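**Student:** Got a structure here, written out as structure tokens. Questions coming.
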Amino acid sequence: MATTTEAATGFDLALTEEQELAQRTARDFAREKVLPRAREIDEQGKVPRELIAEMASLGFLGIYVPETYGGAGLDALSYALVSEEINRACASTGVVMSSHVSLVVDPLLHYGSDAQKDRFLRALATGERLGCFALSEPASGSDAAAMRTSARRDGDAWMLNGTKNFITNGASADIAVVFAQTQPDGGSTGGSERAKARHRGIAAFIVEKGTPGFSVGKLEHKLGIRGSDTAQLLFQDCRVPAANLLGGAGEGFKIALSTLDGGRISIAAQAVGIARACLEDSLAYAKEREAFGKKIVEFQAIQWKLADMATEIDAARLLVWRAATLKDRGEDHILAAAQAKLFASDVAVRAARECVQIFGGYGYLTDFPAERHYRDAKITEIYEGTSEIMNLVIAEEILKE
Amino acid sequence: MKFLVCLKQVPDSTVRVKVAADGKSIATDGITWSISPYDEYAIELALEHKDGDPSTTVSVVTVGPARSRDALRQALAMGCDDATLVTAADTVGGLDVAKALAAVVKEAKPDVVLCGKQASDDDQGLVGPALAEALGWPHVGMLTKIAAVADGVELWREIEGGHEVWTAPTPVVGLVHKSAKEPRYPSLPGIMKAKKKEIPEKDLAALGVTPGAPRAEVVAMEPPPQRGGGKILKADGDVKALAAELARLLHEEAKVL
Ligand SMILES: Cc1cc2nc3c(=O)[nH]c(=O)nc-3n(C[C@H](O)[C@H](O)[C@H](O)COP(=O)(O)OP(=O)(O)OC[C@H]3O[C@@H](n4cnc5c(N)ncnc54)[C@H](O)[C@@H]3O)c2cc1C
């Protein structure tokens, strides 16, 4: 029995000059413009529109879109670097960016027709318009294909009906990528044939704000990333022009999955950023705080926590960089992205827990950033595929043979 | 209008500087380098002109070791048009740097040469005035604003409690103190545009400069002494005694009264 697995793919750890510059711009911007406002963003539950506009003017919102479509023409690795920096400062701001870039700009770039790219991609890449991605529903999250939102052909348009749930940027976005079932009885769960049928029936639509029948429902109140809005989107006989169908009518599910594969890299990068915030804040605090006549950083118990955090953060970052590099090479990155997200989100949650612990009682107060990291970290284990779903994807990939 | 901004690459302001083993320089391995802050303001002032009048060109030049190329690349990414690297050892003195810059300026023929008022590493503030002297051009320091006027430029200087406005014929050398807006970040599209630009490299010999023996030498460098902990006086109800004790300490220990 052959027991040797395939050799691991190597990748270059050195950053190019422009990747380094992009990282530097993001780091300086995050430190000077985002970090000082992170607490206010969390408390007020709002990422200021002008902060988003500033990110747009720096090119973050179209980072790996080719210049011909108004983007900066960098790559997925640069995007991961920028994501880490922004999320180091503020995870709410980070998710506004990543929902827009990974989940809206990306599918338009890959599946949009030339006309759709001209009409929508340019405005999204320059940040003139903000995007949101509407897949989840009240009764379907992990099992996205069980969606009930329906799309019925109606002349040269599609008629959308249904409710989308948990949509990041939902209230503030100008453009939504919306998934809907085009086959009437495909939506109900059933045997494997039915399951295949319901995948085949899903289509993706580009829906503009202001389209009659499209409205924003209730806003959710959340544990963390409170500055990013999470909204319900309602579709009631919403007529979407056939020209706004993204990809083929049966391609929606594939679009959703491949979009999420890429998106997971930036959520993993977000997790690394949050974990880094935990480590950096913990280090600073532990060097100042005294107990039993010593700085607490002198206690080995604290040092070991810091050492574990540092090691895990580096390991998580390497997984992120590998997944991004594979994406840039045009190679399959389903496994790498799922591994990066699974591991990095776990690292972030643990780092946040230890960060609060190192801060002691002050870690429990809103006067210090530790509790915000604690609340923010958790979401990385949930959205764009829960950790359980990541395990499912990883197992499926390694059992493929 | 044609601007030429002279910049220096220095350790980033976030770097915790350590003294090297030789005891007279700083340890440079693994540190982050940046454009010196006053030079960044100079770039920003020039770029603001370009924002208002797209016919403006902004060139940058530095005299320094090969790693200085990164600082030039950053300036290009901020929006400067072209860059020149004059390679020279770190140890070349300010006067020779000024001579090399003068040679570059003579070739480029800008209307306005801007320098930061001083570099944040040595804080000598030598190169700008020396450059003006080498060129035989007027120079004005402590600038916060530059405006084009009919027969030259209007130069705003910061002075105690206000500002002075000077006019100068071009060409002129300006030493920049600050810009109204914070220096812009290199945008990502700017970074990609900068990537496509060549940065020509020259050496001192090609500019006719033979570095002389340094006229000043750093003989020793040491970190500032550790600050002692503060002292907290306990108020046990007797405020008068507390005030007397405070006055005594300020007089006898802190020696400020
Ligand atoms: C703040 C926030 C922002 C979000 N933003 C967006 C957005 O912009 N767009 C969008 O479309 N969605 C968004 N979501 C939705 C998010 O992606 C879903 O919440 C997530 O996919 C989980 O779905 P669910 O909540 O329905 O949980 P469920 O799918 O009901 O899962 C409940 C639990 O069961 C587990 N589980 C489910 N299936 C399996 C299985 N097969 N094997 C083992 N365990 C399983 C899950 O891991 C989880 O622990 C957002 C959610 C939040 C909270």
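Letters for chains follow the order of the structure tokens (A, B, ...), residue numbers begin at 1 for each chain, and ligand numbers begin at 1 in the order shown.
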Residues up to 6 Å from ligand 1, counting only C-alpha atoms and all ligand atoms: could you list those as a PyMOL selection string?
**Tutor:** chain A and resi 133-136+140-143+166-168+230+382-386+388-389
**Student:** Neighbouring residues of stretch 217-222 of chain B were defined as those with any atom within 7 Å, considering only C-alpha atoms; residues of the same chain fewer than 2 positions away were excluded. Please report them as a list in words.
**Tutor:** Val19, Gly23, Lys24, Ser25, Pro214, Arg215 and Pro224 of chain B
**Student:** Using DSSP on the backbone coordinates, identify all residues within stretch 70-183 of chain A classified as strand (DSSP E or B); present the result as a PyMOL selection string.
**Tutor:** chain A and resi 131-134+137+140+150-154+157-168+175-181
**Student:** Could you check the closest approach to A:Val104 for each of A:Val177, A:Leu74, A:Val216, A:Ala231 and tell me which residue wins, using only C-alpha atoms?
**Tutor:**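 Result for the nearest residue to A:Val104: A:Val177.
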**Student:** Skipping near chain neighbours, those fewer than 6 positions away, what residues fall within 12 Å of stretch 248-255 of chain B using only C-alpha atoms, listed as a list in words?
**Tutor:** Gly228, Gly230, Lys231, Ile232, Leu233, Ala241 and Leu242 of chain B
**Student:** Could you make a table, as a tab-separated table, of the residues of chain A that have an atom within 7 Å of an atom of chain B, each with its nearest atom pair and distance in Å to one decimal, counting only C-alpha atoms, in chain and number order?
**Tutor:**
```
residue	atom	partner	partner_atom	distance
A:Glu18	CA	B:Ile191	CA	6.2
A:Leu21	CA	B:Ile191	CA	7.0
A:Ala22	CA	B:Leu188	CA	6.1
A:Thr25	CA	B:Tyr185	CA	5.9
A:Leu58	CA	B:Ser187	CA	4.3
A:Gly59	CA	B:Leu188	CA	5.1
A:Ala72	CA	B:Pro189	CA	4.3
```
**Student:** Quick one: write out the picked residues with C-alpha atoms as a PDB file, in the first residue's frame?
**Tutor:**
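The resulting file, part-v3.pdb, is reproduced below:
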```
ATOM      1  CA  GLU A  18       5.216  46.649  -4.905  1.00  0.00           C
ATOM      2  CA  LEU A  21       4.936  49.203  -0.715  1.00  0.00           C
ATOM      3  CA  ALA A  22       1.270  48.189  -0.649  1.00  0.00           C
ATOM      4  CA  THR A  25       0.737  52.114   2.684  1.00  0.00           C
ATOM      5  CA  LEU A  58      -5.756  54.558  -1.975  1.00  0.00           C
ATOM      6  CA  GLY A  59      -6.900  51.811  -4.338  1.00  0.00           C
ATOM      7  CA  ALA A  72      -4.746  48.992  -8.959  1.00  0.00           C
TER       8      ALA A  72
END
```
**Student:** B:Lys109: which residues within 10 Å, counting only C-alpha atoms, same-chain residues fewer than 6 positions away excluded, as a short mmCIF file (atom, residue, chain, number, x, y, z; two decimals) with N, CA, C and O atoms, in the first residue's frame?
**Tutor:**
```
data_model
loop_
_atom_site.label_atom_id
_atom_site.label_comp_id
_atom_site.auth_asym_id
_atom_site.auth_seq_id
_atom_site.Cartn_x
_atom_site.Cartn_y
_atom_site.Cartn_z
N LYS B 2 8.58 73.58 -12.58
CA LYS B 2 9.36 72.36 -12.43
C LYS B 2 9.97 72.30 -11.03
O LYS B 2 10.73 73.19 -10.64
N PHE B 3 9.61 71.28 -10.30
CA PHE B 3 10.15 71.11 -8.94
C PHE B 3 11.19 69.98 -8.93
O PHE B 3 11.03 68.99 -9.62
N LEU B 4 12.19 70.17 -8.10
CA LEU B 4 13.09 69.06 -7.81
C LEU B 4 13.17 68.96 -6.29
O LEU B 4 13.51 69.93 -5.62
N PRO B 171 15.38 80.64 -10.44
CA PRO B 171 15.31 79.46 -9.58
C PRO B 171 15.65 79.80 -8.12
O PRO B 171 16.38 80.74 -7.86
#
```
**Student:** So which residues touch A:Gly360 within 12 Å, counting only C-alpha atoms, skipping near sequence neighbours fewer than 3 positions away, as a PyMOL selection string?
**Tutor:** chain A and resi 282+285-286+289-291+296+302+353-357+363-365+368+370-371
